[in-house]
$ cat run_24.pdb   # PDB, C-alpha atoms and all ligand atoms
ATOM      1  CA  MET A   1     -53.334  23.308 -21.666
ATOM      2  CA  ILE A   2     -51.702  19.898 -22.143
ATOM      3  CA  ARG A   3     -49.754  19.610 -25.359
ATOM      4  CA  VAL A   4     -50.650  16.145 -26.582
ATOM      5  CA  THR A   5     -48.656  16.489 -29.804
ATOM      6  CA  GLU A   6     -45.562  17.590 -27.921
ATOM      7  CA  ASN A   7     -45.951  14.806 -25.326
ATOM      8  CA  LEU A   8     -46.291  12.208 -28.063
ATOM      9  CA  ARG A   9     -43.130  13.387 -29.770
ATOM     10  CA  LYS A  10     -41.155  13.188 -26.520
ATOM     11  CA  ILE A  11     -42.496   9.754 -25.618
ATOM     12  CA  ARG A  12     -41.805   8.314 -29.058
ATOM     13  CA  ASP A  13     -38.211   9.544 -28.769
ATOM     14  CA  LEU A  14     -37.891   8.036 -25.301
ATOM     15  CA  LEU A  15     -39.356   4.702 -26.433
ATOM     16  CA  ALA A  16     -36.907   4.506 -29.325
ATOM     17  CA  GLU A  17     -33.967   5.521 -27.126
ATOM     18  CA  THR A  18     -34.849   2.898 -24.510
ATOM     19  CA  ALA A  19     -35.308   0.188 -27.143
ATOM     20  CA  VAL A  20     -31.816   0.885 -28.479
ATOM     21  CA  GLU A  21     -30.438   0.856 -24.940
ATOM     22  CA  ALA A  22     -32.054  -2.573 -24.506
ATOM     23  CA  GLY A  23     -30.448  -3.815 -27.725
ATOM     24  CA  ARG A  24     -33.830  -3.928 -29.434
ATOM     25  CA  ARG A  25     -35.291  -2.394 -32.572
ATOM     26  CA  PRO A  26     -37.347   0.768 -31.947
ATOM     27  CA  GLU A  27     -40.051  -0.472 -34.370
ATOM     28  CA  ASP A  28     -40.669  -3.490 -32.109
ATOM     29  CA  VAL A  29     -41.993  -1.263 -29.311
ATOM     30  CA  HIS A  30     -45.497   0.069 -29.990
ATOM     31  CA  LEU A  31     -47.178   2.936 -28.185
ATOM     32  CA  LEU A  32     -50.745   2.345 -27.044
ATOM     33  CA  ALA A  33     -52.160   5.712 -25.968
ATOM     34  CA  VAL A  34     -54.537   5.004 -23.088
ATOM     35  CA  SER A  35     -57.302   7.559 -23.599
ATOM     36  CA  LYS A  36     -59.687   6.475 -20.818
ATOM     37  CA  LYS A  37     -61.377   9.430 -19.088
ATOM     38  CA  GLN A  38     -59.872  11.810 -21.636
ATOM     39  CA  PRO A  39     -62.011  14.024 -23.864
ATOM     40  CA  ILE A  40     -62.509  13.230 -27.544
ATOM     41  CA  GLU A  41     -60.631  16.404 -28.557
ATOM     42  CA  LYS A  42     -57.383  15.051 -27.128
ATOM     43  CA  ILE A  43     -57.803  11.779 -29.025
ATOM     44  CA  VAL A  44     -58.419  13.781 -32.203
ATOM     45  CA  GLU A  45     -55.240  15.767 -31.553
ATOM     46  CA  ALA A  46     -53.231  12.582 -30.967
ATOM     47  CA  ALA A  47     -54.646  11.019 -34.143
ATOM     48  CA  ALA A  48     -53.673  14.122 -36.110
ATOM     49  CA  ALA A  49     -50.148  13.667 -34.743
ATOM     50  CA  GLY A  50     -50.059  10.160 -36.215
ATOM     51  CA  GLN A  51     -51.097   8.074 -33.185
ATOM     52  CA  ARG A  52     -53.159   5.033 -34.328
ATOM     53  CA  ASP A  53     -53.632   2.853 -31.229
ATOM     54  CA  PHE A  54     -55.855   3.912 -28.344
ATOM     55  CA  GLY A  55     -56.829   2.142 -25.131
ATOM     56  CA  GLU A  56     -60.042   2.301 -23.111
ATOM     57  CA  ASN A  57     -61.046   0.511 -19.909
ATOM     58  CA  ILE A  58     -64.791   1.164 -19.495
ATOM     59  CA  VAL A  59     -67.113  -0.546 -21.977
ATOM     60  CA  GLN A  60     -69.678   2.237 -22.519
ATOM     61  CA  GLU A  61     -67.153   5.077 -22.623
ATOM     62  CA  GLY A  62     -65.037   3.086 -25.070
ATOM     63  CA  ILE A  63     -67.927   2.273 -27.395
ATOM     64  CA  ASP A  64     -68.962   5.953 -27.469
ATOM     65  CA  LYS A  65     -65.478   6.983 -28.564
ATOM     66  CA  VAL A  66     -65.057   4.161 -31.103
ATOM     67  CA  THR A  67     -68.401   5.104 -32.656
ATOM     68  CA  LYS A  68     -67.754   8.865 -32.731
ATOM     69  CA  LEU A  69     -64.312   8.440 -34.268
ATOM     70  CA  ALA A  70     -65.195   5.586 -36.629
ATOM     71  CA  GLU A  71     -64.099   7.503 -39.754
ATOM     72  CA  LYS A  72     -60.545   7.972 -38.533
ATOM     73  CA  GLY A  73     -59.521   4.336 -38.985
ATOM     74  CA  LEU A  74     -58.025   4.044 -35.498
ATOM     75  CA  CYS A  75     -57.187   0.787 -33.718
ATOM     76  CA  TRP A  76     -59.009   0.327 -30.400
ATOM     77  CA  HIS A  77     -57.731  -1.727 -27.467
ATOM     78  CA  PHE A  78     -59.821  -2.713 -24.469
ATOM     79  CA  VAL A  79     -57.505  -2.770 -21.428
ATOM     80  CA  GLY A  80     -59.910  -2.817 -18.453
ATOM     81  CA  HIS A  81     -61.481  -5.590 -16.457
ATOM     82  CA  LEU A  82     -64.120  -7.260 -18.626
ATOM     83  CA  GLN A  83     -67.110  -8.937 -17.012
ATOM     84  CA  SER A  84     -68.324 -11.901 -19.005
ATOM     85  CA  ASN A  85     -71.825 -10.357 -19.337
ATOM     86  CA  LYS A  86     -70.358  -7.271 -21.096
ATOM     87  CA  THR A  87     -68.376  -8.968 -23.813
ATOM     88  CA  ARG A  88     -70.721  -8.414 -26.774
ATOM     89  CA  PRO A  89     -70.157  -4.679 -27.390
ATOM     90  CA  VAL A  90     -66.419  -5.217 -26.933
ATOM     91  CA  ALA A  91     -66.386  -8.099 -29.437
ATOM     92  CA  GLU A  92     -68.304  -5.892 -31.879
ATOM     93  CA  HIS A  93     -66.276  -2.659 -31.576
ATOM     94  CA  PHE A  94     -62.708  -3.300 -30.472
ATOM     95  CA  ASP A  95     -59.661  -4.663 -32.294
ATOM     96  CA  TRP A  96     -57.822  -5.925 -29.215
ATOM     97  CA  VAL A  97     -58.660  -7.094 -25.692
ATOM     98  CA  HIS A  98     -55.638  -7.060 -23.342
ATOM     99  CA  SER A  99     -57.405  -8.270 -20.234
ATOM    100  CA  VAL A 100     -58.731 -11.780 -20.829
ATOM    101  CA  ASP A 101     -58.393 -13.725 -17.581
ATOM    102  CA  LYS A 102     -61.174 -16.325 -17.760
ATOM    103  CA  LEU A 103     -62.036 -18.972 -20.318
ATOM    104  CA  LYS A 104     -65.711 -18.020 -20.014
ATOM    105  CA  THR A 105     -64.929 -14.458 -21.127
ATOM    106  CA  ALA A 106     -62.775 -15.694 -24.014
ATOM    107  CA  LYS A 107     -65.484 -18.113 -25.178
ATOM    108  CA  ARG A 108     -68.074 -15.352 -25.257
ATOM    109  CA  LEU A 109     -65.765 -13.012 -27.155
ATOM    110  CA  SER A 110     -65.141 -15.824 -29.632
ATOM    111  CA  GLU A 111     -68.869 -16.543 -30.118
ATOM    112  CA  GLN A 112     -69.802 -12.865 -30.339
ATOM    113  CA  ARG A 113     -67.029 -11.655 -32.648
ATOM    114  CA  PRO A 114     -68.671 -10.754 -35.980
ATOM    115  CA  GLU A 115     -66.979 -12.717 -38.737
ATOM    116  CA  SER A 116     -66.911  -9.616 -40.949
ATOM    117  CA  LEU A 117     -64.467  -7.892 -38.579
ATOM    118  CA  GLY A 118     -61.717 -10.491 -38.697
ATOM    119  CA  ASP A 119     -60.105 -12.060 -35.663
ATOM    120  CA  LEU A 120     -60.121 -10.238 -32.335
ATOM    121  CA  ASN A 121     -56.591  -9.933 -30.962
ATOM    122  CA  VAL A 122     -56.356 -10.987 -27.333
ATOM    123  CA  CYS A 123     -53.795 -10.974 -24.558
ATOM    124  CA  ILE A 124     -54.073 -12.887 -21.311
ATOM    125  CA  GLN A 125     -53.761 -10.687 -18.261
ATOM    126  CA  ILE A 126     -51.441 -12.118 -15.615
ATOM    127  CA  ASN A 127     -51.836 -11.159 -11.963
ATOM    128  CA  ILE A 128     -48.073 -11.084 -11.781
ATOM    129  CA  ASP A 129     -47.783  -9.999  -8.145
ATOM    130  CA  GLU A 130     -50.706 -12.244  -7.131
ATOM    131  CA  GLU A 131     -52.512  -9.290  -5.521
ATOM    132  CA  ALA A 132     -55.983  -9.991  -4.118
ATOM    133  CA  SER A 133     -57.240  -6.609  -5.381
ATOM    134  CA  LYS A 134     -56.250  -7.161  -9.026
ATOM    135  CA  SER A 135     -57.750  -9.171 -11.819
ATOM    136  CA  GLY A 136     -55.691 -11.446 -14.005
ATOM    137  CA  VAL A 137     -54.875 -15.129 -13.920
ATOM    138  CA  PRO A 138     -52.193 -16.363 -11.487
ATOM    139  CA  PRO A 139     -48.929 -17.319 -13.241
ATOM    140  CA  SER A 140     -49.493 -21.006 -12.418
ATOM    141  CA  GLU A 141     -52.725 -21.051 -14.470
ATOM    142  CA  VAL A 142     -51.518 -19.188 -17.552
ATOM    143  CA  ALA A 143     -50.501 -22.228 -19.587
ATOM    144  CA  ASP A 144     -53.908 -23.949 -19.381
ATOM    145  CA  LEU A 145     -55.804 -20.765 -20.196
ATOM    146  CA  ALA A 146     -53.463 -19.863 -23.068
ATOM    147  CA  ARG A 147     -53.835 -23.312 -24.623
ATOM    148  CA  ALA A 148     -57.648 -23.109 -24.422
ATOM    149  CA  VAL A 149     -57.815 -19.546 -25.791
ATOM    150  CA  ALA A 150     -55.465 -20.406 -28.650
ATOM    151  CA  GLY A 151     -57.983 -23.019 -29.781
ATOM    152  CA  LEU A 152     -60.967 -20.664 -30.011
ATOM    153  CA  PRO A 153     -62.188 -19.465 -33.417
ATOM    154  CA  ARG A 154     -62.256 -15.747 -34.296
ATOM    155  CA  LEU A 155     -59.729 -14.956 -31.556
ATOM    156  CA  ARG A 156     -56.026 -14.556 -32.147
ATOM    157  CA  LEU A 157     -53.949 -15.089 -29.025
ATOM    158  CA  ARG A 158     -51.230 -12.436 -29.235
ATOM    159  CA  GLY A 159     -49.543 -12.461 -25.847
ATOM    160  CA  LEU A 160     -49.467 -11.640 -22.170
ATOM    161  CA  MET A 161     -50.375  -8.453 -20.344
ATOM    162  CA  CYS A 162     -49.460  -7.433 -16.806
ATOM    163  CA  LEU A 163     -50.147  -4.555 -14.449
ATOM    164  CA  PRO A 164     -47.658  -4.899 -11.576
ATOM    165  CA  ALA A 165     -47.885  -3.348  -8.134
ATOM    166  CA  PHE A 166     -46.208   0.058  -7.802
ATOM    167  CA  ARG A 167     -42.451  -0.016  -7.361
ATOM    168  CA  GLU A 168     -40.314   3.081  -7.016
ATOM    169  CA  ALA A 169     -36.850   1.872  -8.062
ATOM    170  CA  PHE A 170     -36.030   1.056 -11.683
ATOM    171  CA  ASP A 171     -34.372  -2.297 -10.876
ATOM    172  CA  ASP A 172     -37.384  -3.360  -8.783
ATOM    173  CA  GLN A 173     -39.734  -2.364 -11.605
ATOM    174  CA  ARG A 174     -37.951  -4.772 -13.942
ATOM    175  CA  LEU A 175     -38.688  -7.882 -11.849
ATOM    176  CA  PRO A 176     -42.397  -8.455 -12.638
ATOM    177  CA  PHE A 177     -41.774  -7.640 -16.306
ATOM    178  CA  ALA A 178     -38.930 -10.167 -16.420
ATOM    179  CA  LEU A 179     -41.229 -12.791 -14.872
ATOM    180  CA  THR A 180     -43.893 -12.070 -17.491
ATOM    181  CA  ARG A 181     -41.345 -12.408 -20.283
ATOM    182  CA  GLU A 182     -40.117 -15.708 -18.808
ATOM    183  CA  LEU A 183     -43.707 -16.993 -18.693
ATOM    184  CA  ALA A 184     -44.117 -16.183 -22.387
ATOM    185  CA  GLU A 185     -40.797 -17.897 -23.154
ATOM    186  CA  SER A 186     -41.893 -21.012 -21.301
ATOM    187  CA  LEU A 187     -45.214 -21.063 -23.205
ATOM    188  CA  ALA A 188     -43.273 -20.755 -26.467
ATOM    189  CA  ARG A 189     -41.191 -23.820 -25.518
ATOM    190  CA  ASP A 190     -44.509 -25.661 -25.077
ATOM    191  CA  GLY A 191     -45.585 -24.657 -28.564
ATOM    192  CA  ILE A 192     -47.755 -21.621 -27.713
ATOM    193  CA  VAL A 193     -45.984 -18.944 -29.696
ATOM    194  CA  MET A 194     -47.113 -15.339 -29.247
ATOM    195  CA  ASP A 195     -45.687 -12.009 -30.410
ATOM    196  CA  THR A 196     -46.861  -9.540 -27.776
ATOM    197  CA  LEU A 197     -45.864  -8.463 -24.281
ATOM    198  CA  SER A 198     -48.257  -5.702 -23.195
ATOM    199  CA  MET A 199     -46.501  -4.113 -20.247
ATOM    200  CA  GLY A 200     -45.358  -0.756 -18.933
ATOM    201  CA  MET A 201     -47.281   2.433 -18.163
ATOM    202  CA  SER A 202     -46.329   6.102 -17.624
ATOM    203  CA  ASP A 203     -44.195   5.398 -14.537
ATOM    204  CA  ASP A 204     -42.463   2.168 -15.524
ATOM    205  CA  PHE A 205     -42.368   1.830 -19.310
ATOM    206  CA  ARG A 206     -38.578   2.091 -19.498
ATOM    207  CA  ALA A 207     -38.195  -0.934 -17.226
ATOM    208  CA  ALA A 208     -40.809  -2.806 -19.280
ATOM    209  CA  ILE A 209     -38.971  -2.111 -22.560
ATOM    210  CA  MET A 210     -35.722  -3.359 -21.015
ATOM    211  CA  GLU A 211     -37.545  -6.645 -20.330
ATOM    212  CA  GLY A 212     -39.066  -7.024 -23.777
ATOM    213  CA  ALA A 213     -42.362  -5.083 -23.855
ATOM    214  CA  THR A 214     -43.749  -4.859 -27.398
ATOM    215  CA  ILE A 215     -46.729  -2.680 -26.418
ATOM    216  CA  VAL A 216     -46.452  -0.022 -23.728
ATOM    217  CA  ARG A 217     -49.773   1.350 -22.479
ATOM    218  CA  ILE A 218     -49.293   5.012 -21.664
ATOM    219  CA  GLY A 219     -52.040   7.377 -20.526
ATOM    220  CA  THR A 220     -51.013  10.256 -18.277
ATOM    221  CA  ALA A 221     -47.672  10.940 -19.942
ATOM    222  CA  VAL A 222     -49.469  11.385 -23.293
ATOM    223  CA  PHE A 223     -52.715  13.118 -22.328
ATOM    224  CA  GLY A 224     -52.045  14.631 -18.895
ATOM    225  CA  PRO A 225     -54.100  13.899 -15.749
ATOM    226  CA  ARG A 226     -57.456  12.197 -16.317
ATOM    227  CA  ASP A 227     -60.837  13.807 -15.564
ATOM    228  CA  ALA A 228     -61.952  12.930 -12.033
TER     229      ALA A 228
HETATM  230  C1  LIG A 301     -54.944   3.514 -17.061
HETATM  231  C2  LIG A 301     -54.191   2.368 -17.568
HETATM  232  C3  LIG A 301     -52.945   2.540 -18.173
HETATM  233  C4  LIG A 301     -52.242   3.876 -18.313
HETATM  234  O1  LIG A 301     -51.829   4.366 -17.081
HETATM  235  P1  LIG A 301     -50.935   5.696 -16.964
HETATM  236  O2  LIG A 301     -50.292   5.560 -15.623
HETATM  237  O3  LIG A 301     -51.869   6.853 -17.040
HETATM  238  O4  LIG A 301     -49.944   5.683 -18.059
HETATM  239  C5  LIG A 301     -52.318   1.403 -18.666
HETATM  240  N1  LIG A 301     -52.879   0.185 -18.575
HETATM  241  C6  LIG A 301     -54.084  -0.009 -18.012
HETATM  242  C7  LIG A 301     -54.651  -1.392 -17.946
HETATM  243  C8  LIG A 301     -54.769   1.075 -17.476
HETATM  244  O5  LIG A 301     -55.967   0.868 -16.905
END
$ encode --input "run_24.pdb" --output "structure tokens"
Amino acid sequence: MIRVTENLRKIRDLLAETAVEAGRRPEDVHLLAVSKKQPIEKIVEAAAAGQRDFGENIVQEGIDKVTKLAEKGLCWHFVGHLQSNKTRPVAEHFDWVHSVDKLKTAKRLSEQRPESLGDLNVCIQINIDEEASKSGVPPSEVADLARAVAGLPRLRLRGLMCLPAFREAFDDQRLPFALTRELAESLARDGIVMDTLSMGMSDDFRAAIMEGATIVRIGTAVFGPRDA
């Protein structure tokens, strides 16, 4: 049996340790527990251990969990690829979307966000390694998209998200995260100020924190292997 509570404790310690090593404040690095393909019981265990933020990547599975756990006051993040024809349930149930990569998707989320829920927090997903198989906007198009998204009502543009190609070595892992940080810095110089870098997963979150990650999205290291 996977000990979610124990895993969470270890990861929180590691996040704090790495933040200090990076010369940063531990409270500036937030843990998003990616609960996709994990049973409800493990989310309940994590919530009991004080975890508030959870990430899902499939619309229907996510909505089921948000609805079942509505009383717990958790914060739900959509991290998967979002087709523009599936935005409504996401706009109505989630608190964050990390994976906006098209203006059309952002416009729909903006139109469909119920006013009663407050602004939907969004990040723009960057295809940082420009891989054909991955979604996300190419780095050269980020500025235009960010400017347009920042102007939409009921959305709050929080930052950039990336999902780099696999790299084994720590120093190699840092490169795409550094590029993402530099993109955010260049947007800030152009007046688009954001507070979030959503980057780093189970295998590379230390490298991401060294490069400024404010949200690390960790699944396997918290919950164990996912259901097939
Ligand atoms: C699954 C997933 C994660 C978590 O991956 P792990 O390797 O299990 O930590 C993070 N971000 C996104 C977008 C994911 O889809």
$ residues_near_point --input "run_24.pdb" --point "(-49.4, -7.9, -1.7)" --cutoff "12 Å" --atoms "only C-alpha atoms" --output "list of chain:residue names"
A:Asn127, A:Ile128, A:Asp129, A:Glu130, A:Glu131, A:Ala132, A:Ser133, A:Lys134, A:Pro164, A:Ala165, A:Phe166, A:Arg167
$ residues_around --input "run_24.pdb" --residues "region 177-194 of chain A" --least-positions-apart "4" --cutoff "9 Å" --atoms "all atoms listed in the file" --output "list in words"
Ile126, Ile128, Pro139, Val142, Ala143, Ala146, Arg147, Ala150, Leu157, Arg158, Gly159, Leu160, Met161, Cys162, Pro164, Gln173, Met199, Gly200, Ala207, Ala208, Ile209, Met210, Glu211, Gly212 and Ala213 of chain A
$ closest_atom_pairs --input "run_24.pdb" --of "chain A" --to "ligand LIG 301 (chain A)" --cutoff "7 Å" --atoms "all atoms listed in the file" --output "tab-separated table"
residue	atom	partner	partner_atom	distance
A:Val34	CA	A:LIG301	C4	5.4
A:Lys36	CA	A:LIG301	C1	6.7
A:Asn57	CA	A:LIG301	O5	5.9
A:Val79	CA	A:LIG301	C7	4.7
A:Gly80	CA	A:LIG301	C7	5.5
A:Leu163	CA	A:LIG301	C7	6.5
A:Met201	CA	A:LIG301	O4	4.2
A:Ser202	CA	A:LIG301	O4	3.7
A:Asp203	CA	A:LIG301	O2	6.2
A:Arg217	CA	A:LIG301	C5	4.6
A:Ile218	CA	A:LIG301	O4	3.7
A:Gly219	CA	A:LIG301	O3	3.5
A:Thr220	CA	A:LIG301	O3	3.7
A:Ala221	CA	A:LIG301	O4	6.0
$ resolve_selection --input "run_24.pdb" --expression "the PyMOL selection byres (((chain A and resi 89) around 9) and not hetatm)" --output "compact mmCIF listing (two decimals) with C-alpha atoms, in the frame of the given file"
# COMPACT_ATOMS: atom_id res chain seq x y z
CA VAL A 59 -67.11 -0.55 -21.98
CA GLN A 60 -69.68 2.24 -22.52
CA ILE A 63 -67.93 2.27 -27.40
CA LYS A 86 -70.36 -7.27 -21.10
CA THR A 87 -68.38 -8.97 -23.81
CA ARG A 88 -70.72 -8.41 -26.77
CA VAL A 90 -66.42 -5.22 -26.93
CA ALA A 91 -66.39 -8.10 -29.44
CA GLU A 92 -68.30 -5.89 -31.88
CA HIS A 93 -66.28 -2.66 -31.58
CA PHE A 94 -62.71 -3.30 -30.47
CA GLN A 112 -69.80 -12.86 -30.34
$ axis_aligned_box --input "run_24.pdb" --around "region 164-183 of chain A" --padding-each-side "5 Å" --output "AutoDock Vina command-line options"
--center_x -41.1 --center_y -7.0 --center_z -13.6 --size_x 23.5 --size_y 30.1 --size_z 23.3
$ residues_around --input "run_24.pdb" --residues "Asn7 (chain A)" --least-positions-apart "5" --cutoff "9 Å" --atoms "all atoms listed in the file" --output "PyMOL selection string"
chain A and resi 2+12+221-224
$ decode --input "run_24.pdb" --residues "region 144-154 of chain A" --atoms "all heavy atoms" --output "JSON list (two decimals), in the first residue's frame"
[["chain", "number", "residue", "atom", "x", "y", "z"],
["A", 144, "ASP", "N", 2.05, 37.44, -27.84],
["A", 144, "ASP", "CA", 0.75, 37.83, -28.41],
["A", 144, "ASP", "C", -0.41, 37.16, -27.68],
["A", 144, "ASP", "O", -1.42, 37.81, -27.37],
["A", 144, "ASP", "CB", 0.69, 37.45, -29.90],
["A", 144, "ASP", "CG", 1.54, 38.39, -30.75],
["A", 144, "ASP", "OD1", 1.92, 39.46, -30.24],
["A", 144, "ASP", "OD2", 1.82, 38.04, -31.92],
["A", 145, "LEU", "N", -0.25, 35.86, -27.41],
["A", 145, "LEU", "CA", -1.33, 35.15, -26.71],
["A", 145, "LEU", "C", -1.51, 35.70, -25.30],
["A", 145, "LEU", "O", -2.64, 35.92, -24.85],
["A", 145, "LEU", "CB", -1.04, 33.64, -26.69],
["A", 145, "LEU", "CG", -2.12, 32.78, -26.03],
["A", 145, "LEU", "CD1", -3.48, 32.95, -26.72],
["A", 145, "LEU", "CD2", -1.72, 31.29, -26.05],
["A", 146, "ALA", "N", -0.40, 35.93, -24.60],
["A", 146, "ALA", "CA", -0.48, 36.42, -23.22],
["A", 146, "ALA", "C", -1.20, 37.77, -23.17],
["A", 146, "ALA", "O", -2.05, 38.01, -22.31],
["A", 146, "ALA", "CB", 0.91, 36.53, -22.61],
["A", 147, "ARG", "N", -0.86, 38.64, -24.12],
["A", 147, "ARG", "CA", -1.48, 39.97, -24.13],
["A", 147, "ARG", "C", -2.99, 39.86, -24.35],
["A", 147, "ARG", "O", -3.79, 40.51, -23.68],
["A", 147, "ARG", "CB", -0.84, 40.82, -25.23],
["A", 147, "ARG", "CG", -1.04, 42.31, -25.04],
["A", 147, "ARG", "CD", -0.11, 43.14, -25.94],
["A", 147, "ARG", "NE", 1.26, 43.14, -25.48],
["A", 147, "ARG", "CZ", 2.29, 42.56, -26.11],
["A", 147, "ARG", "NH1", 2.10, 41.91, -27.24],
["A", 147, "ARG", "NH2", 3.49, 42.61, -25.61],
["A", 148, "ALA", "N", -3.39, 38.96, -25.26],
["A", 148, "ALA", "CA", -4.82, 38.78, -25.56],
["A", 148, "ALA", "C", -5.55, 38.17, -24.36],
["A", 148, "ALA", "O", -6.63, 38.62, -23.98],
["A", 148, "ALA", "CB", -4.98, 37.91, -26.80],
["A", 149, "VAL", "N", -4.94, 37.16, -23.74],
["A", 149, "VAL", "CA", -5.59, 36.49, -22.61],
["A", 149, "VAL", "C", -5.72, 37.45, -21.43],
["A", 149, "VAL", "O", -6.74, 37.47, -20.74],
["A", 149, "VAL", "CB", -4.80, 35.21, -22.20],
["A", 149, "VAL", "CG1", -5.33, 34.64, -20.89],
["A", 149, "VAL", "CG2", -4.88, 34.16, -23.32],
["A", 150, "ALA", "N", -4.70, 38.26, -21.23],
["A", 150, "ALA", "CA", -4.72, 39.21, -20.10],
["A", 150, "ALA", "C", -5.89, 40.20, -20.23],
["A", 150, "ALA", "O", -6.36, 40.73, -19.22],
["A", 150, "ALA", "CB", -3.40, 39.97, -20.02],
["A", 151, "GLY", "N", -6.37, 40.40, -21.45],
["A", 151, "GLY", "CA", -7.47, 41.34, -21.65],
["A", 151, "GLY", "C", -8.85, 40.74, -21.53],
["A", 151, "GLY", "O", -9.85, 41.45, -21.67],
["A", 152, "LEU", "N", -8.95, 39.43, -21.29],
["A", 152, "LEU", "CA", -10.26, 38.79, -21.25],
["A", 152, "LEU", "C", -10.89, 38.88, -19.86],
["A", 152, "LEU", "O", -10.21, 38.67, -18.86],
["A", 152, "LEU", "CB", -10.15, 37.32, -21.66],
["A", 152, "LEU", "CG", -9.76, 37.06, -23.12],
["A", 152, "LEU", "CD1", -9.50, 35.57, -23.35],
["A", 152, "LEU", "CD2", -10.86, 37.56, -24.06],
["A", 153, "PRO", "N", -12.19, 39.17, -19.80],
["A", 153, "PRO", "CA", -12.86, 39.23, -18.49],
["A", 153, "PRO", "C", -13.00, 37.83, -17.86],
["A", 153, "PRO", "O", -13.01, 36.83, -18.58],
["A", 153, "PRO", "CB", -14.24, 39.81, -18.82],
["A", 153, "PRO", "CG", -14.46, 39.51, -20.26],
["A", 153, "PRO", "CD", -13.09, 39.51, -20.91],
["A", 154, "ARG", "N", -13.10, 37.81, -16.55],
["A", 154, "ARG", "CA", -13.33, 36.58, -15.78],
["A", 154, "ARG", "C", -12.19, 35.57, -15.86],
["A", 154, "ARG", "O", -12.30, 34.44, -15.38],
["A", 154, "ARG", "CB", -14.66, 35.92, -16.15],
["A", 154, "ARG", "CG", -15.85, 36.78, -15.70],
["A", 154, "ARG", "CD", -17.14, 36.01, -15.68],
["A", 154, "ARG", "NE", -17.66, 35.76, -16.99],
["A", 154, "ARG", "CZ", -18.33, 36.67, -17.72],
["A", 154, "ARG", "NH1", -18.56, 37.87, -17.22],
["A", 154, "ARG", "NH2", -18.78, 36.37, -18.90]]
